[in-house]
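Participant: What follows is a single structure, and I will ask about it in a moment.
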Amino acid sequence: MLDVIYKRRSIRKYQDKPVEQEKINEILRCAMYAPSGMNKQPWEFIVCLERETLDEIQKIHPYSQMLKTAPCCIIAAGDTNVQYAQGSYIQDCAAAVENLLLGAASLGLGSCWLGVYPDENRQEAFRKLFNMPSHIAPFCAIALGYPDEHKEMPDRFSADKVHFEKW
């Protein structure tokens, strides 16, 4: 498991190969096993496989060019009627998305997290595109597919960022 954490990278080039439904289901299962405040599990997911939808996302998200080659995109959103406390869907969805990214990597898939929250204009555009009710808050989009690039593992550990007992 640690190997997957260290080797996961943001992938922006994908092979022209669909992601199997079984793998999509498995990574969504991984996402739903994330911790959440009082186990409320406020997350919701929209799976996008149609090229037309992937192209529409590119029109409203300025950093989504990897969707030109990605065969799949998963939208993560939070149900504000279900969250534990005001705004807690944000950390709950973040935990779910991290699980999703690691699950994808463990299955040989590449992924890239595209932030939607906290940009209110972007959130509204996603809400409109996906016909989301007002209590559903778009959180992020995740490009997904078989990688067509390899990225080396950087050394990100920094002892300077670790503090014991006090600052």
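If you're wondering about the labels, chains in the structure tokens are A, B, ... by order shown, residues count from 1 in each chain, ligands from 1 in order shown.
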Set the distance at 8 Å and use only C-alpha atoms: which residues neighbour stretch 103-115 of chain A once local chain neighbours fewer than 3 positions away are removed? I'd like the list as a list in words.
Facilitator: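 In the requested form, the answer reads Val4, Arg8, Arg9, Ser10, Ile11, Arg12, Tyr14, Lys23, Glu26, Ile27, Cys30, Ala31, Tyr63, Ser64, Asn99, Leu100, Pro118, Phe139, Cys140, Ala141, Ile142, Ala143, Leu144, Gly145, Tyr146 and Pro147 of chain A.
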Participant: Which residues come within 10 Å of A:Ala85, counting only C-alpha atoms, excluding same-chain residues fewer than 6 positions away, as an MDAnalysis selection string?
Facilitator: chainID A and resid 37:38 40
Participant: Return the single residue from A:Phe45, A:Phe157, A:Trp167, A:Tyr6 that is closest to A:Val97, with distances computed using only C-alpha atoms.
Facilitator: A:Phe45
Participant: In Å, rounded to a single decimal, give me how far atom CA of A:Glu20 is from atom CA of A:Glu149.
Facilitator: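 Interatomic distance, atom CA of A:Glu149 to atom CA of A:Glu20: 19.6 Å.
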Participant: Can you pull out every residue within 12 Å of A:Ser134, counting only C-alpha atoms, but drop anything in the same chain fewer than 3 positions away, and send it as a VMD selection string?
Facilitator: chain A and resid 77 to 81 123 to 124 126 to 128 130 to 131 137 to 138
Participant: Take the residues just selected and output them with N, CA and C atoms as a PDB file, in the first residue's frame.
Facilitator:
```pdb
ATOM      1  N   ALA A  77     -19.027  15.407  -5.411  1.00  0.00           N
ATOM      2  CA  ALA A  77     -19.820  16.515  -4.879  1.00  0.00           C
ATOM      3  C   ALA A  77     -20.248  16.168  -3.458  1.00  0.00           C
ATOM      4  N   GLY A  78     -20.621  17.201  -2.708  1.00  0.00           N
ATOM      5  CA  GLY A  78     -21.058  16.993  -1.339  1.00  0.00           C
ATOM      6  C   GLY A  78     -22.516  17.365  -1.155  1.00  0.00           C
ATOM      7  N   ASP A  79     -23.208  16.558  -0.410  1.00  0.00           N
ATOM      8  CA  ASP A  79     -24.608  16.829  -0.084  1.00  0.00           C
ATOM      9  C   ASP A  79     -24.628  17.659   1.193  1.00  0.00           C
ATOM     10  N   THR A  80     -24.941  18.924   1.072  1.00  0.00           N
ATOM     11  CA  THR A  80     -24.912  19.826   2.231  1.00  0.00           C
ATOM     12  C   THR A  80     -26.053  19.548   3.202  1.00  0.00           C
ATOM     13  N   ASN A  81     -27.034  18.760   2.808  1.00  0.00           N
ATOM     14  CA  ASN A  81     -28.104  18.359   3.724  1.00  0.00           C
ATOM     15  C   ASN A  81     -27.692  17.188   4.602  1.00  0.00           C
ATOM     16  N   GLN A 123     -18.185  26.186  -9.563  1.00  0.00           N
ATOM     17  CA  GLN A 123     -19.182  25.313  -8.917  1.00  0.00           C
ATOM     18  C   GLN A 123     -20.555  25.478  -9.575  1.00  0.00           C
ATOM     19  N   GLU A 124     -20.934  26.710  -9.834  1.00  0.00           N
ATOM     20  CA  GLU A 124     -22.244  26.961 -10.444  1.00  0.00           C
ATOM     21  C   GLU A 124     -22.308  26.387 -11.858  1.00  0.00           C
ATOM     22  N   PHE A 126     -20.642  23.764 -12.976  1.00  0.00           N
ATOM     23  CA  PHE A 126     -20.760  22.312 -12.842  1.00  0.00           C
ATOM     24  C   PHE A 126     -22.165  21.933 -12.390  1.00  0.00           C
ATOM     25  N   ARG A 127     -22.711  22.704 -11.460  1.00  0.00           N
ATOM     26  CA  ARG A 127     -24.068  22.424 -10.985  1.00  0.00           C
ATOM     27  C   ARG A 127     -25.053  22.469 -12.156  1.00  0.00           C
ATOM     28  N   LYS A 128     -24.879  23.475 -13.023  1.00  0.00           N
ATOM     29  CA  LYS A 128     -25.766  23.635 -14.175  1.00  0.00           C
ATOM     30  C   LYS A 128     -25.545  22.520 -15.203  1.00  0.00           C
ATOM     31  N   PHE A 130     -24.466  19.523 -14.842  1.00  0.00           N
ATOM     32  CA  PHE A 130     -24.885  18.201 -14.383  1.00  0.00           C
ATOM     33  C   PHE A 130     -26.266  18.204 -13.719  1.00  0.00           C
ATOM     34  N   ASN A 131     -26.961  19.329 -13.840  1.00  0.00           N
ATOM     35  CA  ASN A 131     -28.334  19.415 -13.335  1.00  0.00           C
ATOM     36  C   ASN A 131     -28.425  19.023 -11.858  1.00  0.00           C
ATOM     37  N   ALA A 137     -23.139  20.301  -3.648  1.00  0.00           N
ATOM     38  CA  ALA A 137     -22.042  21.231  -3.906  1.00  0.00           C
ATOM     39  C   ALA A 137     -20.934  20.533  -4.694  1.00  0.00           C
ATOM     40  N   PRO A 138     -20.710  20.921  -5.945  1.00  0.00           N
ATOM     41  CA  PRO A 138     -19.607  20.334  -6.715  1.00  0.00           C
ATOM     42  C   PRO A 138     -18.276  20.578  -6.008  1.00  0.00           C
TER      43      PRO A 138
END
```
Participant: Can you list, as JSON, numbers by chain, every residue of chain A that DSSP puts in helix (DSSP H, G or I)?
Facilitator: {"A": [2, 3, 4, 5, 6, 7, 21, 22, 23, 24, 25, 26, 27, 28, 29, 30, 31, 32, 37, 38, 39, 51, 52, 53, 54, 55, 56, 57, 58, 59, 60, 65, 66, 67, 68, 89, 90, 91, 92, 93, 94, 95, 96, 97, 98, 99, 100, 101, 102, 103, 104, 105, 106, 120, 121, 122, 123, 124, 125, 126, 127, 128, 129, 159, 160, 161]}
Participant: For A:Gln21, list every protein, DNA or RNA residue within 12 Å, evaluated using only C-alpha atoms, and leave out those in the same chain fewer than 4 positions away; present the list as a PDB file with C-alpha atoms, in the first residue's frame.
Facilitator:
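The new file selection09.pdb reads:
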```pdb
ATOM      1  CA  ASN A  25     -16.947   0.444  -9.432  1.00  0.00           C
ATOM      2  CA  GLU A  26     -13.922  -0.619  -7.394  1.00  0.00           C
ATOM      3  CA  ILE A  27     -12.401   2.858  -7.173  1.00  0.00           C
ATOM      4  CA  LEU A  28     -15.798   4.301  -6.213  1.00  0.00           C
ATOM      5  CA  VAL A  47     -19.357   9.143 -13.722  1.00  0.00           C
ATOM      6  CA  CYS A  48     -18.826  10.742 -17.136  1.00  0.00           C
ATOM      7  CA  LEU A  49     -17.918   8.475 -20.046  1.00  0.00           C
ATOM      8  CA  PRO A  71     -11.855   8.333 -21.365  1.00  0.00           C
ATOM      9  CA  CYS A  72     -13.513   8.931 -18.000  1.00  0.00           C
ATOM     10  CA  GLY A 145      -7.791   6.447 -17.614  1.00  0.00           C
TER      11      GLY A 145
END
```
Participant: Provide the atom CA of A:Asp55 to atom CA of A:Lys68 distance in Å, to one decimal place.
Facilitator: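 We find that atom CA of A:Asp55 and atom CA of A:Lys68 lie 7.2 Å from each other.
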Participant: Out of A:Ile136, A:Val19, A:Leu54, A:Ile60, which residue has the shortest atom-to-atom distance to A:Asn121 when counting only C-alpha atoms?
Facilitator: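 The shortest atom-to-atom distance to A:Asn121 comes from A:Ile60.
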Participant: Select from stretch 2-52 of chain A everything DSSP, run on the backbone, classes as strand (DSSP E), then give the selection as a list in words.
Facilitator: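 Reading the DSSP output for stretch 2-52 of chain A, strand (DSSP E) covers Trp43, Glu44, Phe45, Ile46, Val47 and Cys48 of chain A.
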Participant: Provide the atom CA of A:Arg156 to atom CA of A:Asp92 distance in Å, to one decimal place.
Facilitator: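 Going from atom CA of A:Arg156 over to atom CA of A:Asp92 covers 24.3 Å.
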